[in-house]
file target07.txt (compact mmCIF, C-alpha atoms (C1' of nucleotides))
# COMPACT_ATOMS: atom_id res chain seq x y z
CA MET A 1 0.00 0.00 0.00
CA ASN A 2 1.42 3.30 -1.14
CA TYR A 3 0.68 6.96 -0.56
CA TRP A 4 0.58 9.67 -3.22
CA LEU A 5 -0.05 13.33 -3.78
CA LEU A 6 -2.04 14.32 -6.86
CA LYS A 7 -2.20 17.88 -8.07
CA SER A 8 -5.11 19.49 -9.82
CA GLU A 9 -6.10 23.05 -10.52
CA PRO A 10 -9.39 23.79 -8.74
CA ASP A 11 -10.46 25.94 -11.70
CA THR A 12 -10.23 22.85 -13.89
CA PHE A 13 -11.10 20.05 -11.50
CA GLY A 14 -11.15 20.67 -7.77
CA ILE A 15 -12.14 18.43 -4.89
CA ALA A 16 -15.70 19.80 -5.06
CA ASN A 17 -15.91 18.51 -8.63
CA LEU A 18 -14.85 15.06 -7.49
CA GLU A 19 -17.44 15.16 -4.73
CA ALA A 20 -20.10 15.90 -7.32
CA MET A 21 -19.25 12.95 -9.57
CA PRO A 22 -21.43 9.83 -9.53
CA GLY A 23 -20.03 7.59 -6.80
CA GLN A 24 -17.62 10.45 -6.05
CA THR A 25 -15.39 8.63 -8.52
CA GLU A 26 -13.62 9.94 -11.60
CA HIS A 27 -10.71 9.07 -13.85
CA TRP A 28 -7.55 11.06 -13.23
CA ASP A 29 -6.59 11.99 -16.77
CA GLY A 30 -4.30 14.38 -18.58
CA ILE A 31 -0.96 13.16 -17.24
CA ARG A 32 1.50 14.31 -19.91
CA ASN A 33 4.79 13.92 -18.14
CA TYR A 34 6.79 10.70 -18.21
CA GLN A 35 7.94 10.76 -14.62
CA ALA A 36 4.43 11.32 -13.33
CA ARG A 37 3.12 8.64 -15.68
CA ASN A 38 5.70 6.17 -14.46
CA PHE A 39 4.66 6.75 -10.86
CA MET A 40 1.07 6.08 -11.85
CA ARG A 41 1.73 3.10 -14.11
CA ASP A 42 4.41 1.37 -12.09
CA GLY A 43 3.56 2.28 -8.53
CA MET A 44 -0.09 3.10 -8.11
CA ARG A 45 -2.25 0.20 -6.94
CA VAL A 46 -5.88 -0.28 -6.01
CA GLY A 47 -6.31 0.62 -2.36
CA ASP A 48 -3.53 3.20 -2.34
CA LEU A 49 -4.42 6.55 -0.81
CA ALA A 50 -3.64 9.98 -2.24
CA PHE A 51 -3.79 13.54 -1.07
CA PHE A 52 -5.79 15.89 -3.28
CA TYR A 53 -3.68 19.02 -3.81
CA HIS A 54 -5.01 22.24 -5.26
CA SER A 55 -2.38 23.94 -7.41
CA ASN A 56 -2.10 27.17 -9.37
CA CYS A 57 -4.74 28.95 -7.31
CA PRO A 58 -5.00 31.61 -4.60
CA ALA A 59 -4.72 29.08 -1.75
CA PRO A 60 -2.56 26.14 -2.84
CA GLY A 61 -2.51 23.16 -0.48
CA ILE A 62 -3.89 19.77 0.48
CA VAL A 63 -7.65 19.63 0.67
CA GLY A 64 -8.54 15.97 1.13
CA ILE A 65 -7.92 12.29 0.50
CA MET A 66 -8.74 9.95 -2.38
CA GLU A 67 -8.51 6.23 -2.81
CA ILE A 68 -7.24 4.58 -5.97
CA VAL A 69 -10.02 2.33 -7.24
CA ARG A 70 -8.69 1.37 -10.68
CA GLU A 71 -5.09 1.03 -11.77
CA ALA A 72 -3.52 2.60 -14.84
CA TYR A 73 -5.29 2.07 -18.15
CA PRO A 74 -5.02 3.94 -21.47
CA ASP A 75 -5.88 7.64 -21.25
CA PHE A 76 -8.50 7.98 -23.97
CA THR A 77 -8.31 11.77 -23.93
CA ALA A 78 -4.96 11.42 -25.74
CA LEU A 79 -6.86 10.02 -28.76
CA ASP A 80 -9.58 12.65 -28.83
CA PRO A 81 -8.78 15.59 -31.14
CA GLU A 82 -11.39 17.62 -29.28
CA SER A 83 -9.66 17.16 -25.93
CA LYS A 84 -7.16 19.64 -24.61
CA TYR A 85 -5.06 16.61 -23.71
CA TYR A 86 -5.02 15.32 -27.29
CA ASP A 87 -1.66 13.89 -28.31
CA PRO A 88 -1.33 13.46 -32.10
CA LYS A 89 1.48 10.95 -31.58
CA CYS A 90 -0.82 8.51 -29.82
CA THR A 91 -2.88 5.79 -31.47
CA GLU A 92 -5.26 3.15 -30.12
CA ASP A 93 -2.43 0.62 -30.25
CA ALA A 94 0.31 2.94 -29.09
CA ASN A 95 -1.04 5.20 -26.40
CA ARG A 96 1.81 6.30 -24.19
CA TRP A 97 -0.42 7.96 -21.60
CA CYS A 98 -2.53 6.40 -18.91
CA MET A 99 -5.14 7.34 -16.32
CA ALA A 100 -6.35 5.82 -13.07
CA ASP A 101 -9.68 6.03 -11.29
CA VAL A 102 -9.96 7.72 -7.91
CA ARG A 103 -12.74 7.91 -5.34
CA LEU A 104 -13.16 10.69 -2.83
CA LYS A 105 -12.51 9.50 0.68
CA LYS A 106 -12.39 12.65 2.74
CA ILE A 107 -12.60 16.40 2.41
CA PHE A 108 -10.53 18.09 5.09
CA PRO A 109 -12.29 20.64 7.31
CA ARG A 110 -9.63 23.11 6.16
CA THR A 111 -6.87 23.39 3.60
CA ILE A 112 -3.40 22.44 4.75
CA SER A 113 -1.62 25.24 2.95
CA LEU A 114 1.58 25.02 1.00
CA ALA A 115 3.13 27.52 3.42
CA GLU A 116 2.30 25.25 6.36
CA LEU A 117 3.75 22.23 4.61
CA LYS A 118 6.95 24.12 3.88
CA SER A 119 7.29 25.16 7.50
CA GLU A 120 7.38 21.58 8.77
CA ALA A 121 10.86 20.19 9.27
CA ALA A 122 9.45 16.66 9.11
CA LEU A 123 8.37 17.31 5.52
CA ALA A 124 11.61 18.85 4.29
CA ASP A 125 12.24 15.97 1.88
CA MET A 126 8.80 15.91 0.31
CA LEU A 127 9.14 15.85 -3.46
CA VAL A 128 6.27 18.23 -4.02
CA LEU A 129 7.94 20.89 -1.89
CA ARG A 130 11.16 20.91 -3.86
CA LYS A 131 11.85 24.13 -5.64
CA GLY A 132 10.73 24.03 -9.23
CA ASN A 133 8.97 20.70 -8.87
CA ARG A 134 6.17 20.41 -11.37
CA LEU A 135 5.25 16.74 -11.10
CA SER A 136 1.52 16.30 -10.84
CA ILE A 137 1.96 12.90 -9.17
CA THR A 138 4.48 12.33 -6.41
CA PRO A 139 4.92 9.55 -3.86
CA VAL A 140 4.46 10.38 -0.18
CA SER A 141 6.24 8.38 2.50
CA PRO A 142 4.21 6.79 5.33
CA SER A 143 5.84 9.10 7.88
CA GLU A 144 5.07 12.16 5.75
CA TRP A 145 1.51 10.95 5.33
CA ASP A 146 1.00 10.51 9.07
CA HIS A 147 2.65 13.81 9.84
CA ILE A 148 0.39 15.70 7.45
CA LEU A 149 -2.71 14.07 8.95
CA SER A 150 -1.52 15.14 12.39
CA MET A 151 -1.50 18.78 11.22
CA LEU A 152 -5.26 18.88 10.79
C1' DG B 1 0.96 39.07 -15.09
C1' DC B 2 5.71 37.86 -14.00
C1' DC B 3 9.22 34.74 -13.99
C1' DA B 4 12.09 30.73 -12.37
C1' DA B 5 12.43 26.04 -13.12
C1' DC B 6 12.00 22.32 -15.75
C1' DG B 7 10.69 19.00 -19.70
C1' DT B 8 10.43 18.33 -24.59
C1' DT B 9 11.58 19.06 -29.28
C1' DG B 10 14.32 19.17 -33.17
C1' DG B 11 18.39 20.78 -35.82
C1' DC B 12 22.91 19.59 -36.32
C1' DG C 1 24.22 12.95 -28.29
C1' DC C 2 24.40 17.92 -27.57
C1' DC C 3 22.04 21.94 -26.69
C1' DA C 4 19.28 26.10 -27.88
C1' DA C 5 14.67 27.28 -28.30
C1' DC C 6 10.36 26.80 -26.83
C1' DG C 7 6.26 25.58 -24.02
C1' DT C 8 4.33 24.61 -19.52
C1' DT C 9 3.84 24.69 -14.59
C1' DG C 10 2.78 26.97 -10.62
C1' DG C 11 3.98 30.16 -6.76
C1' DC C 12 3.69 34.73 -5.87
call {"tool": "encode", "arguments": {"input": "target07.txt", "output": "structure tokens"}}
result
Amino acid sequence: MNYWLLKSEPDTFGIANLEAMPGQTEHWDGIRNYQARNFMRDGMRVGDLAFFYHSNCPAPGIVGIMEIVREAYPDFTALDPESKYYDPKCTEDANRWCMADVRLKKIFPRTISLAELKSEAALADMLVLRKGNRLSITPVSPSEWDHILSML
DNA sequence: GCCAACGTTGGC
DNA sequence: GCCAACGTTGGC
């Protein structure tokens, strides 16, 4: 069982959008970075838990928890010319991108802000806090996971 | 809107 | 395989 942190822009798809989906479940699509894809494809398993992180917004931070309910499968948005995630180099037989399905598990009573996360010595090694990090999927260690939950 | 950091592309 | 140019991310 692994822990993750998944970023999404609330203007595009925030935790409230996930809450509103049937079964509070949705596919996590649009990964267009190899490192992030590899984390998803090679590491993410059903039953894993992930923080929902709001990025590129007035109050960036962790807003809740999701559970992985389906492991990596081909990201069909890469084949759809109408999608903003369309990748002309992908075909049905050679789709280099994948998505996973997530289900909302918990919305935190408050946002754990990026500033708070940065101020915690116990989280100094978190990938997502590294300067210039742009990965939309990063692994979270069990101790980091527990520490963040203790901040609520 | 600015800009630093980083990934990808493509010419050579 | 190098590397400059370009596009994107994301905090501020």
call {"tool": "atom_distance", "arguments": {"input": "target07.txt", "atom1": "CA of Ala59 (chain A)", "atom2": "CA of Ala100 (chain A)"}}
result
25.9 Å
call {"tool": "interface_residues", "arguments": {"input": "target07.txt", "of": "chain B", "to": "chain A", "cutoff": "12 Å", "atoms": "all atoms listed in the file", "output": "PyMOL selection string"}}
result
chain B and resi 3-8
call {"tool": "atom_distance", "arguments": {"input": "target07.txt", "atom1": "CA of Arg41 (chain A)", "atom2": "CA of Cys98 (chain A)"}}
result
7.2 Å
call {"tool": "atom_distance", "arguments": {"input": "target07.txt", "atom1": "CA of Glu82 (chain A)", "atom2": "CA of Gly30 (chain A)"}}
result
13.2 Å
call {"tool": "residues_near_point", "arguments": {"input": "target07.txt", "point": "(-6.2, 25.9, 0.8)", "cutoff": "12 Å", "atoms": "all atoms listed in the file", "output": "ChimeraX atom specification"}}
result
/A:9-10,14-15,52-64,107-117
call {"tool": "axis_aligned_box", "arguments": {"input": "target07.txt", "around": "region 3-7 of chain B", "padding_each_side": "5 Å", "output": "lines of an AutoDock Vina configuration file"}}
result
center_x = 10.8
center_y = 26.9
center_z = -16.0
size_x = 13.2
size_y = 25.7
size_z = 17.3
call {"tool": "residues_around", "arguments": {"input": "target07.txt", "residues": "Asp101 (chain A)", "least_positions_apart": "3", "cutoff": "7 Å", "atoms": "only C-alpha atoms (C1' of nucleotides)", "output": "number ranges by chain"}}
result
A: 25-28, 68-71
call {"tool": "decode", "arguments": {"input": "target07.txt", "residues": "chain B", "atoms": "N, CA, C and O atoms (P, O5', C5', C4', C3', O3' and C1' of nucleotides)", "output": "PDB file, in the first residue's frame"}}
result
ATOM      1  P    DG B   1      -2.857  39.422 -17.810  1.00  0.00           P
ATOM      2  O5'  DG B   1      -1.379  39.867 -17.510  1.00  0.00           O
ATOM      3  C5'  DG B   1      -1.216  41.091 -16.802  1.00  0.00           C
ATOM      4  C4'  DG B   1       0.100  40.999 -16.128  1.00  0.00           C
ATOM      5  C3'  DG B   1       1.200  40.427 -17.003  1.00  0.00           C
ATOM      6  O3'  DG B   1       2.376  41.142 -16.667  1.00  0.00           O
ATOM      7  C1'  DG B   1       0.961  39.067 -15.089  1.00  0.00           C
ATOM      8  P    DC B   2       3.697  41.066 -17.517  1.00  0.00           P
ATOM      9  O5'  DC B   2       4.654  40.403 -16.448  1.00  0.00           O
ATOM     10  C5'  DC B   2       4.786  41.025 -15.169  1.00  0.00           C
ATOM     11  C4'  DC B   2       5.698  40.176 -14.319  1.00  0.00           C
ATOM     12  C3'  DC B   2       6.895  39.610 -15.086  1.00  0.00           C
ATOM     13  O3'  DC B   2       8.060  39.872 -14.328  1.00  0.00           O
ATOM     14  C1'  DC B   2       5.714  37.855 -14.002  1.00  0.00           C
ATOM     15  P    DC B   3       9.490  39.776 -15.003  1.00  0.00           P
ATOM     16  O5'  DC B   3       9.938  38.335 -14.489  1.00  0.00           O
ATOM     17  C5'  DC B   3       9.921  38.052 -13.090  1.00  0.00           C
ATOM     18  C4'  DC B   3      10.140  36.570 -12.902  1.00  0.00           C
ATOM     19  C3'  DC B   3      11.172  35.983 -13.876  1.00  0.00           C
ATOM     20  O3'  DC B   3      11.942  35.028 -13.191  1.00  0.00           O
ATOM     21  C1'  DC B   3       9.217  34.740 -13.989  1.00  0.00           C
ATOM     22  P    DA B   4      13.514  35.095 -13.256  1.00  0.00           P
ATOM     23  O5'  DA B   4      13.924  33.888 -12.307  1.00  0.00           O
ATOM     24  C5'  DA B   4      13.262  33.730 -11.064  1.00  0.00           C
ATOM     25  C4'  DA B   4      12.992  32.262 -10.826  1.00  0.00           C
ATOM     26  C3'  DA B   4      14.109  31.337 -11.297  1.00  0.00           C
ATOM     27  O3'  DA B   4      14.252  30.341 -10.307  1.00  0.00           O
ATOM     28  C1'  DA B   4      12.090  30.734 -12.368  1.00  0.00           C
ATOM     29  P    DA B   5      15.439  29.300 -10.375  1.00  0.00           P
ATOM     30  O5'  DA B   5      14.681  28.000 -10.905  1.00  0.00           O
ATOM     31  C5'  DA B   5      13.645  27.451 -10.102  1.00  0.00           C
ATOM     32  C4'  DA B   5      13.017  26.334 -10.888  1.00  0.00           C
ATOM     33  C3'  DA B   5      14.032  25.359 -11.486  1.00  0.00           C
ATOM     34  O3'  DA B   5      13.711  24.079 -10.990  1.00  0.00           O
ATOM     35  C1'  DA B   5      12.435  26.037 -13.115  1.00  0.00           C
ATOM     36  P    DC B   6      14.687  22.835 -11.162  1.00  0.00           P
ATOM     37  O5'  DC B   6      14.016  22.091 -12.390  1.00  0.00           O
ATOM     38  C5'  DC B   6      12.645  21.704 -12.267  1.00  0.00           C
ATOM     39  C4'  DC B   6      12.094  21.465 -13.631  1.00  0.00           C
ATOM     40  C3'  DC B   6      12.892  20.487 -14.482  1.00  0.00           C
ATOM     41  O3'  DC B   6      12.185  19.254 -14.509  1.00  0.00           O
ATOM     42  C1'  DC B   6      12.003  22.317 -15.746  1.00  0.00           C
ATOM     43  P    DG B   7      12.744  17.964 -15.270  1.00  0.00           P
ATOM     44  O5'  DG B   7      11.833  17.966 -16.570  1.00  0.00           O
ATOM     45  C5'  DG B   7      10.424  18.021 -16.434  1.00  0.00           C
ATOM     46  C4'  DG B   7       9.781  17.940 -17.804  1.00  0.00           C
ATOM     47  C3'  DG B   7      10.366  16.860 -18.702  1.00  0.00           C
ATOM     48  O3'  DG B   7       9.296  16.278 -19.429  1.00  0.00           O
ATOM     49  C1'  DG B   7      10.688  19.002 -19.698  1.00  0.00           C
ATOM     50  P    DT B   8       9.565  15.149 -20.533  1.00  0.00           P
ATOM     51  O5'  DT B   8       9.548  16.019 -21.874  1.00  0.00           O
ATOM     52  C5'  DT B   8       8.399  16.780 -22.177  1.00  0.00           C
ATOM     53  C4'  DT B   8       8.560  17.396 -23.546  1.00  0.00           C
ATOM     54  C3'  DT B   8       9.019  16.419 -24.640  1.00  0.00           C
ATOM     55  O3'  DT B   8       8.145  16.605 -25.730  1.00  0.00           O
ATOM     56  C1'  DT B   8      10.434  18.325 -24.588  1.00  0.00           C
ATOM     57  P    DT B   9       8.265  15.690 -27.043  1.00  0.00           P
ATOM     58  O5'  DT B   9       8.928  16.705 -28.083  1.00  0.00           O
ATOM     59  C5'  DT B   9       8.395  18.007 -28.205  1.00  0.00           C
ATOM     60  C4'  DT B   9       9.277  18.806 -29.135  1.00  0.00           C
ATOM     61  C3'  DT B   9       9.738  18.044 -30.379  1.00  0.00           C
ATOM     62  O3'  DT B   9       9.357  18.802 -31.508  1.00  0.00           O
ATOM     63  C1'  DT B   9      11.582  19.060 -29.281  1.00  0.00           C
ATOM     64  P    DG B  10       9.376  18.211 -32.964  1.00  0.00           P
ATOM     65  O5'  DG B  10      10.759  18.770 -33.515  1.00  0.00           O
ATOM     66  C5'  DG B  10      11.032  20.164 -33.439  1.00  0.00           C
ATOM     67  C4'  DG B  10      12.465  20.383 -33.840  1.00  0.00           C
ATOM     68  C3'  DG B  10      12.933  19.472 -34.995  1.00  0.00           C
ATOM     69  O3'  DG B  10      13.811  20.214 -35.811  1.00  0.00           O
ATOM     70  C1'  DG B  10      14.325  19.167 -33.169  1.00  0.00           C
ATOM     71  P    DG B  11      13.978  19.919 -37.347  1.00  0.00           P
ATOM     72  O5'  DG B  11      15.260  20.774 -37.695  1.00  0.00           O
ATOM     73  C5'  DG B  11      15.426  22.062 -37.097  1.00  0.00           C
ATOM     74  C4'  DG B  11      16.891  22.302 -36.791  1.00  0.00           C
ATOM     75  C3'  DG B  11      17.851  21.818 -37.877  1.00  0.00           C
ATOM     76  O3'  DG B  11      18.859  22.797 -38.052  1.00  0.00           O
ATOM     77  C1'  DG B  11      18.390  20.783 -35.820  1.00  0.00           C
ATOM     78  P    DC B  12      19.774  22.803 -39.374  1.00  0.00           P
ATOM     79  O5'  DC B  12      21.068  22.030 -38.911  1.00  0.00           O
ATOM     80  C5'  DC B  12      21.920  22.651 -37.939  1.00  0.00           C
ATOM     81  C4'  DC B  12      22.833  21.612 -37.350  1.00  0.00           C
ATOM     82  C3'  DC B  12      23.506  20.700 -38.356  1.00  0.00           C
ATOM     83  O3'  DC B  12      24.727  21.298 -38.808  1.00  0.00           O
ATOM     84  C1'  DC B  12      22.905  19.590 -36.318  1.00  0.00           C
TER      85       DC B  12
END
